[in-house]
>>> print(open('query-v2.csv').read())   # CSV, C-alpha atoms
chain,number,residue,atom,x,y,z
A,1,MET,CA,145.7,135.8,112.2
A,2,THR,CA,145.5,135.1,116.0
A,3,THR,CA,147.9,132.4,117.1
A,4,PRO,CA,146.5,129.4,119.1
A,5,ALA,CA,148.3,130.7,122.3
A,6,GLU,CA,146.9,134.2,121.8
A,7,ALA,CA,143.4,132.8,121.2
A,8,LEU,CA,143.4,130.8,124.3
A,9,GLN,CA,144.8,133.6,126.4
A,10,SER,CA,142.1,136.0,125.0
A,11,ILE,CA,139.3,133.5,125.9
A,12,LEU,CA,140.5,132.8,129.4
A,13,ALA,CA,141.1,136.4,130.2
A,14,ARG,CA,137.4,137.1,129.6
A,15,VAL,CA,135.8,134.2,131.3
A,16,ALA,CA,135.1,134.3,135.1
A,17,PRO,CA,133.8,131.6,137.4
A,18,LEU,CA,130.0,131.4,137.8
A,19,PRO,CA,128.7,132.7,141.1
A,20,PRO,CA,129.1,130.0,143.8
A,21,ARG,CA,126.2,128.1,145.4
A,22,THR,CA,125.9,126.1,148.6
A,23,LEU,CA,124.8,122.6,147.8
A,24,PRO,CA,124.2,119.4,149.8
A,25,LEU,CA,127.1,116.9,149.6
A,26,ALA,CA,124.9,114.6,147.5
A,27,GLU,CA,124.9,117.1,144.7
A,28,ALA,CA,128.5,118.3,144.9
A,29,LEU,CA,130.5,115.4,143.3
A,30,GLY,CA,132.8,116.7,140.6
A,31,LEU,CA,132.1,120.4,141.2
A,32,ALA,CA,134.9,122.8,142.1
A,33,ALA,CA,135.1,124.1,145.7
A,34,ALA,CA,134.5,127.8,145.7
A,35,GLY,CA,136.9,128.4,148.6
A,36,ALA,CA,139.5,126.5,150.8
A,37,ILE,CA,137.9,124.3,153.5
A,38,ARG,CA,139.5,123.6,156.9
A,39,SER,CA,138.3,121.2,159.5
A,40,ALA,CA,136.6,122.8,162.6
A,41,GLU,CA,136.6,119.4,164.4
A,42,GLN,CA,138.8,116.5,165.1
A,43,VAL,CA,138.3,112.9,163.8
A,44,PRO,CA,137.7,110.7,165.6
A,45,PRO,CA,136.1,112.9,168.2
A,46,PHE,CA,137.0,110.5,171.0
A,47,THR,CA,139.4,107.7,171.6
A,48,ASN,CA,137.8,104.4,170.7
A,49,SER,CA,138.4,100.8,170.1
A,50,ALA,CA,139.9,99.5,166.9
A,51,MET,CA,138.9,95.9,167.7
A,52,ASP,CA,136.2,93.7,169.2
A,53,GLY,CA,137.8,92.7,172.6
A,54,TYR,CA,138.3,94.0,176.1
A,55,ALA,CA,139.4,97.5,177.2
A,56,VAL,CA,142.1,97.0,179.8
A,57,ARG,CA,145.1,98.5,181.6
A,58,ALA,CA,148.2,97.1,179.9
A,59,GLY,CA,150.0,97.1,183.3
A,60,ASP,CA,147.6,94.6,184.6
A,61,LEU,CA,148.8,92.1,182.0
A,62,ALA,CA,152.5,92.5,182.3
A,63,ALA,CA,153.0,89.0,183.9
A,64,ALA,CA,150.4,87.2,181.8
A,65,SER,CA,151.5,83.9,180.2
A,66,ALA,CA,149.9,80.6,179.0
A,67,GLU,CA,151.0,79.0,182.3
A,68,HIS,CA,149.9,81.9,184.4
A,69,PRO,CA,146.9,83.7,182.8
A,70,VAL,CA,145.7,86.9,184.3
A,71,ARG,CA,141.9,87.0,185.1
A,72,LEU,CA,140.1,90.3,185.0
A,73,ARG,CA,136.6,91.1,186.2
A,74,VAL,CA,134.3,92.3,183.4
A,75,LEU,CA,132.3,95.4,184.2
A,76,GLY,CA,129.9,95.1,181.3
A,77,ASP,CA,129.5,95.4,177.5
A,78,LEU,CA,130.2,98.5,175.5
A,79,ALA,CA,128.7,98.6,172.0
A,80,ALA,CA,129.5,101.3,169.4
A,81,GLY,CA,127.4,104.3,170.4
A,82,ALA,CA,127.3,103.4,174.1
A,83,THR,CA,129.1,105.2,176.9
A,84,PRO,CA,130.7,103.6,179.9
A,85,ASP,CA,129.5,104.5,183.4
A,86,ARG,CA,132.6,103.3,185.3
A,87,ALA,CA,136.3,103.6,184.8
A,88,VAL,CA,138.6,100.6,184.4
A,89,ALA,CA,140.3,100.1,187.7
A,90,ALA,CA,143.1,97.6,188.5
A,91,GLY,CA,141.9,94.0,187.8
A,92,THR,CA,138.9,95.0,185.7
A,93,ALA,CA,138.0,95.3,182.1
A,94,TRP,CA,135.1,96.3,179.8
A,95,ARG,CA,134.0,94.0,177.0
A,96,ILE,CA,134.2,96.5,174.0
A,97,MET,CA,133.1,96.5,170.4
A,98,THR,CA,134.9,98.3,167.5
A,99,GLY,CA,134.2,102.0,167.5
A,100,ALA,CA,133.0,102.2,171.1
A,101,PRO,CA,134.6,104.9,173.3
A,102,LEU,CA,137.5,103.7,175.4
A,103,PRO,CA,136.6,103.8,179.1
A,104,GLU,CA,138.5,106.0,181.5
A,105,GLY,CA,141.4,104.2,183.0
A,106,ALA,CA,141.8,101.8,180.1
A,107,ASP,CA,144.9,102.3,177.8
A,108,SER,CA,144.7,99.3,175.4
A,109,VAL,CA,142.3,96.7,173.9
A,110,VAL,CA,142.9,92.9,174.0
A,111,PRO,CA,141.4,91.3,170.8
A,112,VAL,CA,138.6,88.9,171.7
A,113,GLU,CA,140.5,86.0,170.0
A,114,ASP,CA,143.3,86.4,172.5
A,115,THR,CA,141.1,85.8,175.5
A,116,VAL,CA,139.1,83.1,177.3
A,117,ARG,CA,135.7,84.3,178.5
A,118,GLY,CA,133.8,83.4,181.6
A,119,ALA,CA,130.4,84.5,183.0
A,120,ASP,CA,131.7,87.7,184.5
A,121,TRP,CA,135.5,87.4,183.9
A,122,VAL,CA,138.0,87.2,181.1
A,123,GLU,CA,141.4,85.6,181.1
A,124,VAL,CA,144.4,86.9,179.1
A,125,ARG,CA,147.4,84.6,178.4
A,126,LYS,CA,150.0,87.0,177.2
A,127,PRO,CA,151.2,90.6,177.9
A,128,LEU,CA,149.9,93.6,176.0
A,129,ARG,CA,151.7,96.7,174.7
A,130,GLU,CA,150.2,99.9,176.1
A,131,GLY,CA,148.2,101.8,173.5
A,132,ILE,CA,147.6,98.9,171.1
A,133,HIS,CA,144.3,98.5,169.2
A,134,ILE,CA,142.9,101.9,170.0
A,135,ARG,CA,142.2,104.9,167.8
A,136,LEU,CA,143.2,108.2,169.5
A,137,ALA,CA,141.0,111.2,169.4
A,138,GLY,CA,142.1,113.4,166.4
A,139,GLU,CA,144.6,110.9,165.0
A,140,ASP,CA,142.8,111.0,161.6
A,141,ILE,CA,142.0,114.7,161.3
A,142,GLN,CA,143.0,117.6,163.7
A,143,ALA,CA,140.9,120.7,164.0
A,144,GLY,CA,142.3,123.4,161.7
A,145,LEU,CA,143.6,120.9,159.1
A,146,ALA,CA,143.4,122.0,155.5
A,147,LEU,CA,141.0,119.6,153.7
A,148,VAL,CA,140.2,121.0,150.2
A,149,GLU,CA,141.8,123.8,148.3
A,150,ALA,CA,139.8,126.3,146.3
A,151,GLY,CA,139.2,125.2,142.7
A,152,ARG,CA,139.5,121.5,143.4
A,153,GLY,CA,137.0,119.2,141.9
A,154,LEU,CA,135.3,117.3,144.7
A,155,ARG,CA,135.9,113.5,144.7
A,156,PRO,CA,134.1,110.8,146.7
A,157,GLY,CA,136.8,110.8,149.4
A,158,ASP,CA,136.5,114.6,149.8
A,159,LEU,CA,132.8,114.3,150.4
A,160,GLY,CA,133.3,111.6,152.9
A,161,VAL,CA,135.8,113.7,154.9
A,162,LEU,CA,133.6,116.7,154.7
A,163,ALA,CA,130.7,114.7,156.1
A,164,ALA,CA,133.0,113.3,158.9
A,165,VAL,CA,133.9,116.8,160.1
A,166,GLY,CA,130.3,118.1,160.1
A,167,HIS,CA,129.9,119.7,156.6
A,168,PRO,CA,126.5,118.5,155.3
A,169,ALA,CA,126.8,121.1,152.5
A,170,VAL,CA,129.6,122.8,150.6
A,171,THR,CA,130.0,126.0,148.6
A,172,VAL,CA,130.9,125.2,145.0
A,173,HIS,CA,130.7,126.7,141.5
A,174,PRO,CA,127.8,125.2,139.6
A,175,ARG,CA,128.0,123.3,136.4
A,176,ALA,CA,127.9,125.5,133.3
A,177,ARG,CA,124.9,125.2,131.0
A,178,VAL,CA,126.1,125.2,127.5
A,179,ALA,CA,123.8,125.7,124.4
A,180,VAL,CA,125.0,123.6,121.5
A,181,LEU,CA,123.7,124.6,118.0
A,182,THR,CA,124.5,122.8,114.8
A,183,THR,CA,123.6,124.6,111.5
A,184,GLY,CA,123.3,123.4,107.9
A,185,ASP,CA,120.5,122.4,105.5
A,186,GLU,CA,122.6,119.3,104.5
A,187,LEU,CA,122.4,117.7,108.0
A,188,VAL,CA,119.9,115.0,109.1
A,189,GLU,CA,119.4,113.0,112.3
A,190,ALA,CA,121.6,110.0,113.0
A,191,SER,CA,118.6,107.8,112.7
A,192,GLU,CA,117.8,108.9,109.2
A,193,ARG,CA,119.2,107.7,105.9
A,194,PRO,CA,120.7,110.7,104.1
A,195,GLY,CA,119.3,111.8,100.8
A,196,PRO,CA,121.2,113.3,97.9
A,197,GLY,CA,123.6,116.0,99.2
A,198,GLN,CA,122.9,115.2,102.9
A,199,ILE,CA,125.0,113.8,105.8
A,200,ARG,CA,124.2,112.7,109.3
A,201,ASP,CA,124.8,115.3,112.1
A,202,ALA,CA,127.7,113.9,114.0
A,203,ASN,CA,128.7,117.2,115.6
A,204,ILE,CA,125.7,117.5,117.9
A,205,HIS,CA,126.5,114.2,119.5
A,206,ALA,CA,130.3,114.5,119.7
A,207,ILE,CA,130.2,118.1,121.0
A,208,CYS,CA,127.5,117.5,123.6
A,209,ALA,CA,129.5,114.5,124.8
A,210,GLN,CA,132.7,116.7,125.1
A,211,VAL,CA,130.7,119.3,127.0
A,212,ALA,CA,129.4,116.6,129.4
A,213,ALA,CA,132.8,115.0,129.8
A,214,CYS,CA,134.3,118.2,131.3
A,215,GLY,CA,131.5,118.4,133.8
A,216,ALA,CA,129.2,121.0,132.1
A,217,VAL,CA,125.6,120.5,131.1
A,218,PRO,CA,125.0,120.4,127.3
A,219,ILE,CA,121.7,121.9,126.1
A,220,PRO,CA,121.3,120.6,122.5
A,221,PHE,CA,119.1,122.7,120.3
A,222,ALA,CA,117.1,121.5,117.3
A,223,ARG,CA,119.3,121.7,114.3
A,224,VAL,CA,119.1,125.2,112.7
A,225,ARG,CA,118.5,125.7,109.0
A,226,ASP,CA,120.7,128.0,106.9
A,227,ASP,CA,118.1,130.7,107.3
A,228,ARG,CA,119.0,134.1,108.8
A,229,ALA,CA,115.7,134.7,110.7
A,230,THR,CA,115.6,131.2,112.1
A,231,LEU,CA,119.2,131.4,113.3
A,232,ALA,CA,118.6,134.7,115.0
A,233,GLY,CA,115.6,133.4,116.8
A,234,VAL,CA,117.5,130.3,118.1
A,235,LEU,CA,120.4,132.4,119.2
A,236,ARG,CA,118.1,134.7,121.2
A,237,GLU,CA,116.6,131.6,122.9
A,238,ALA,CA,120.0,130.2,123.7
A,239,MET,CA,121.1,133.5,125.2
A,240,GLY,CA,118.3,133.2,127.8
A,241,GLU,CA,119.0,129.5,128.7
A,242,ALA,CA,122.7,129.1,128.8
A,243,ASP,CA,125.9,130.3,130.4
A,244,ALA,CA,127.9,129.7,127.2
A,245,ILE,CA,126.9,129.2,123.6
A,246,LEU,CA,128.6,126.9,121.0
A,247,THR,CA,127.6,127.1,117.3
A,248,THR,CA,129.0,124.7,114.7
A,249,GLY,CA,129.0,125.6,111.0
A,250,GLY,CA,127.9,128.9,109.5
A,251,ILE,CA,131.1,130.6,110.6
A,252,SER,CA,133.1,130.8,107.4
A,253,VAL,CA,132.7,133.3,104.5
A,254,GLY,CA,130.0,131.6,102.4
A,255,ASP,CA,126.7,133.2,101.3
A,256,TYR,CA,124.9,131.1,104.0
A,257,ASP,CA,127.3,131.7,106.8
A,258,PHE,CA,125.3,134.0,109.0
A,259,VAL,CA,126.5,133.3,112.5
A,260,LYS,CA,129.1,136.2,112.8
A,261,ALA,CA,126.8,138.9,111.5
A,262,ILE,CA,123.8,137.8,113.6
A,263,LEU,CA,125.8,137.5,116.8
A,264,GLU,CA,127.0,141.1,116.4
A,265,GLU,CA,123.6,142.3,115.5
A,266,LEU,CA,122.4,140.8,118.9
A,267,GLY,CA,125.1,142.8,120.7
A,268,ALA,CA,128.0,140.3,120.9
A,269,GLN,CA,131.4,141.8,121.0
A,270,ARG,CA,133.9,140.0,118.7
A,271,VAL,CA,137.2,139.2,120.4
A,272,PHE,CA,138.7,137.4,117.4
A,273,TRP,CA,137.8,135.5,114.3
A,274,LYS,CA,140.2,133.0,112.7
A,275,VAL,CA,143.1,131.3,114.3
A,276,ALA,CA,146.4,130.4,112.6
A,277,GLN,CA,146.1,126.7,112.9
A,278,LYS,CA,145.1,123.6,111.0
A,279,PRO,CA,142.6,122.1,111.3
A,280,GLY,CA,140.1,124.6,112.6
A,281,GLY,CA,141.1,128.0,111.3
A,282,PRO,CA,137.7,129.6,111.1
A,283,LEU,CA,137.1,129.8,114.9
A,284,GLY,CA,135.3,132.8,116.3
A,285,PHE,CA,134.9,134.0,119.8
A,286,TRP,CA,132.6,136.7,121.2
A,287,MET,CA,131.4,137.9,124.5
A,288,LEU,CA,127.7,138.5,124.9
A,289,GLY,CA,127.6,140.4,128.1
A,290,ASP,CA,129.4,138.0,130.5
A,291,LYS,CA,128.6,134.9,128.3
A,292,PRO,CA,131.2,133.4,126.1
A,293,VAL,CA,130.1,132.5,122.5
A,294,PHE,CA,132.2,130.1,120.4
A,295,GLY,CA,131.7,129.9,116.6
A,296,ILE,CA,133.2,126.6,115.7
A,297,PRO,CA,133.8,125.3,112.2
A,298,GLY,CA,131.5,122.5,110.9
A,299,ASN,CA,134.0,120.0,109.8
A,300,PRO,CA,133.7,117.3,112.5
A,301,VAL,CA,137.3,116.8,113.4
A,302,ALA,CA,138.0,120.6,113.5
A,303,ALA,CA,134.9,121.0,115.7
A,304,MET,CA,136.0,118.4,118.2
A,305,LEU,CA,139.6,119.8,118.2
A,306,MET,CA,138.3,123.3,118.9
A,307,VAL,CA,136.2,122.1,121.8
A,308,GLU,CA,139.2,120.3,123.3
A,309,GLU,CA,141.7,123.1,122.9
A,310,TYR,CA,139.6,126.2,123.6
A,311,VAL,CA,136.1,125.4,124.9
A,312,ARG,CA,137.1,122.8,127.5
A,313,PRO,CA,139.6,125.1,129.3
A,314,ALA,CA,137.0,128.0,129.2
A,315,LEU,CA,134.2,125.9,130.6
A,316,ARG,CA,136.5,124.6,133.4
A,317,ARG,CA,137.3,128.3,134.3
A,318,LEU,CA,133.6,129.1,134.1
A,319,MET,CA,133.0,126.3,136.6
A,320,GLY,CA,135.7,127.5,139.0
A,321,PHE,CA,138.4,124.8,138.5
A,322,ALA,CA,141.9,125.8,139.3
A,323,LYS,CA,143.4,123.4,136.8
A,324,LEU,CA,142.5,124.1,133.2
A,325,HIS,CA,144.9,122.4,130.9
A,326,ARG,CA,145.7,118.8,129.9
A,327,PRO,CA,149.1,117.4,130.7
A,328,VAL,CA,151.8,118.3,128.1
A,329,ALA,CA,154.6,115.8,127.2
A,330,GLU,CA,157.3,115.3,124.6
A,331,ALA,CA,157.1,112.2,122.3
A,332,ARG,CA,158.9,110.6,119.4
A,333,LEU,CA,156.7,110.7,116.3
A,334,GLU,CA,157.0,107.3,114.6
A,335,GLY,CA,156.9,107.6,110.8
A,336,GLY,CA,157.3,111.3,111.0
A,337,TRP,CA,155.0,113.8,109.2
A,338,THR,CA,155.1,116.0,106.1
A,339,GLY,CA,152.9,119.1,105.8
A,340,LYS,CA,152.5,121.9,103.3
A,341,ALA,CA,155.7,123.8,102.6
A,342,GLY,CA,155.7,127.4,103.8
A,343,ASP,CA,152.6,126.9,106.0
A,344,HIS,CA,152.8,129.4,108.9
A,345,ARG,CA,150.0,127.8,110.9
A,346,THR,CA,150.3,125.6,113.9
A,347,THR,CA,149.2,122.0,113.0
A,348,PHE,CA,147.4,119.7,115.4
A,349,LEU,CA,147.9,116.0,114.5
A,350,ARG,CA,145.7,113.2,115.9
A,351,VAL,CA,147.9,110.6,117.4
A,352,VAL,CA,148.0,107.4,119.5
A,353,ALA,CA,150.6,107.8,122.3
A,354,ARG,CA,152.1,105.0,124.4
A,355,ARG,CA,154.9,104.6,126.9
A,356,GLU,CA,157.7,102.3,125.9
A,357,GLY,CA,161.0,101.8,127.6
A,358,GLY,CA,160.5,104.9,129.8
A,359,GLN,CA,159.8,107.1,126.7
A,360,LEU,CA,156.7,108.4,125.1
A,361,ARG,CA,156.1,107.4,121.5
A,362,ALA,CA,153.3,108.5,119.2
A,363,ARG,CA,151.9,107.5,115.8
A,364,LEU,CA,149.4,109.2,113.5
A,365,THR,CA,145.9,107.8,113.6
A,366,GLY,CA,145.8,107.9,109.8
A,367,PRO,CA,144.8,110.6,107.3
A,368,GLN,CA,144.7,114.0,109.0
A,369,GLY,CA,142.0,115.8,106.9
A,370,SER,CA,139.6,117.9,109.0
A,371,ALA,CA,136.6,115.7,107.8
A,372,ILE,CA,138.2,112.3,108.6
A,373,LEU,CA,136.1,111.6,111.7
A,374,SER,CA,137.4,108.1,112.0
A,375,SER,CA,140.7,109.5,113.0
A,376,MET,CA,139.2,110.3,116.4
A,377,LEU,CA,138.4,106.6,117.2
A,378,HIS,CA,141.8,105.8,118.7
A,379,THR,CA,143.2,109.3,119.4
A,380,ASN,CA,144.5,109.8,122.9
A,381,ALA,CA,146.7,112.8,122.3
A,382,LEU,CA,147.2,115.8,120.0
A,383,ALA,CA,150.7,116.4,118.6
A,384,VAL,CA,151.3,120.1,118.2
A,385,VAL,CA,153.6,121.0,115.3
A,386,PRO,CA,154.8,124.7,115.7
A,387,ALA,CA,154.0,127.3,113.0
A,388,GLY,CA,156.6,127.3,110.2
A,389,MET,CA,157.5,123.7,110.7
A,390,ASP,CA,156.4,121.6,107.6
A,391,ARG,CA,158.2,118.4,108.4
A,392,VAL,CA,158.9,116.1,111.3
A,393,GLU,CA,161.5,113.5,110.6
A,394,PRO,CA,160.7,109.9,111.6
A,395,GLY,CA,161.4,109.6,115.3
A,396,GLY,CA,161.5,113.4,115.7
A,397,MET,CA,160.3,115.0,118.9
A,398,VAL,CA,156.9,116.7,119.1
A,399,PRO,CA,155.0,118.2,122.0
A,400,LEU,CA,151.7,116.3,122.9
A,401,HIS,CA,148.5,117.4,124.6
A,402,LEU,CA,147.4,114.2,126.5
A,403,THR,CA,143.7,114.4,125.8
A,404,GLU,CA,142.6,111.4,127.8
A,405,GLU,CA,144.3,112.5,131.1
A,406,ALA,CA,143.0,114.9,133.7
A,407,GLU,CA,144.1,118.5,133.8
A,408,ASP,CA,147.2,119.1,135.8
A,409,HIS,CA,147.8,122.8,135.4
>>> encode(input="query-v2.csv", output="structure tokens")
Amino acid sequence: MTTPAEALQSILARVAPLPPRTLPLAEALGLAAAGAIRSAEQVPPFTNSAMDGYAVRAGDLAAASAEHPVRLRVLGDLAAGATPDRAVAAGTAWRIMTGAPLPEGADSVVPVEDTVRGADWVEVRKPLREGIHIRLAGEDIQAGLALVEAGRGLRPGDLGVLAAVGHPAVTVHPRARVAVLTTGDELVEASERPGPGQIRDANIHAICAQVAACGAVPIPFARVRDDRATLAGVLREAMGEADAILTTGGISVGDYDFVKAILEELGAQRVFWKVAQKPGGPLGFWMLGDKPVFGIPGNPVAAMLMVEEYVRPALRRLMGFAKLHRPVAEARLEGGWTGKAGDHRTTFLRVVARREGGQLRARLTGPQGSAILSSMLHTNALAVVPAGMDRVEPGGMVPLHLTEEAEDH
């Protein structure tokens, strides 16, 4: 069987970013920049006041003191957005507001609280350091400065900076549209009381939430009965609406597991089926033209784990992000773990990780069966037990995938 590392490599090698689009800044939050962006302008564009006060020449105030205040003639008022019509000469000042351009001849601003104001004059009672309380042109951003690297998810601060340098729009990769199909005659809506042999469909809600959490757009389809013709029709519809397709259930080897055969009848090329891991072994991956198709097992924990480990990195690549993978760390596994002797599959354990005394520690969330959905309530990491290891001693070290932290590589 394909190993987890081989499966992920095979998926990522076949997924390419969606074609970029230019969108207004208001629609770009969280999307990945399609290319590096540099500033074509400087910010601020002109030297301006950082305070409400008076624009002066510092040299005029060198001898100012409480006993011998210096009186300056006020040339007028400068509000933000106004421009001065005269330079500051010796013995003069402009009354200036925060953000207004510094008049020619001025080199400093006296805060208003340090002055005494008259009808057309102002007195200053202490000297002033040259250059104080002003913002120099370009001191924030210089023309040519690198602002955003390709593949970076745009944050509110990024959008503010892009607006400040004159980018009302930005070229990004769009959100992937992901068809989510759940299959099985035994499933009913969350609002229904299950009858004999029935269970509520948890997968559609959990998986759509996972898709949305990574920035993609889930397209949930009505639940599909275990009927070959119905499933084929729904898959055809999904192919026309989505950039990627996720199916849950119907992927194993039972008499009613039709997904594999129907996908290949529709022209999908199988890349692999089955991964040497627990839980989630019956994972299938196909390419339908340039669209990835994931056949995910129906057990709810296995389904969520497959989305986390394989679908999420693929969707992030589809959406053009440079960083695809959660942070990886080493932790001590409190209480240890014992698996099946001779099992040559990689085992993923749901754990709660915490930092204690400068070290990362983890404990199991409880029973680890692939149908124990309650184990996901408190999980914030997955412990990855390598193939061939069937025991971790109490306090033994295990690698973790930190599933609540942003991708870092």
>>> closest_residue(input="query-v2.csv", among="A:Ala303, A:Leu377, A:Ala89, A:Leu283", to="Leu8 in chain A", atoms="all atoms listed in the file")
A:Leu283
>>> closest_residue(input="query-v2.csv", among="A:Gly53, A:Gly281, A:Pro218, A:Gly30", to="Ser108 in chain A", atoms="all atoms listed in the file")
A:Gly53
>>> closest_residue(input="query-v2.csv", among="A:His133, A:His205, A:Arg361, A:Arg152", to="Gly320 in chain A", atoms="all atoms listed in the file")
A:Arg152
>>> atom_distance(input="query-v2.csv", atom1="CA of Arg71 in chain A", atom2="CA of Ala100 in chain A")
22.5 Å
>>> residues_around(input="query-v2.csv", residues="Leu402 in chain A", least_positions_apart="5", cutoff="10 Å", atoms="all atoms listed in the file", output="PyMOL selection string")
chain A and resi 325-329+351-353+379-383+407
>>> residues_around(input="query-v2.csv", residues="Gly157 in chain A", least_positions_apart="5", cutoff="10 Å", atoms="all atoms listed in the file", output="ChimeraX atom specification")
/A:29,162-163
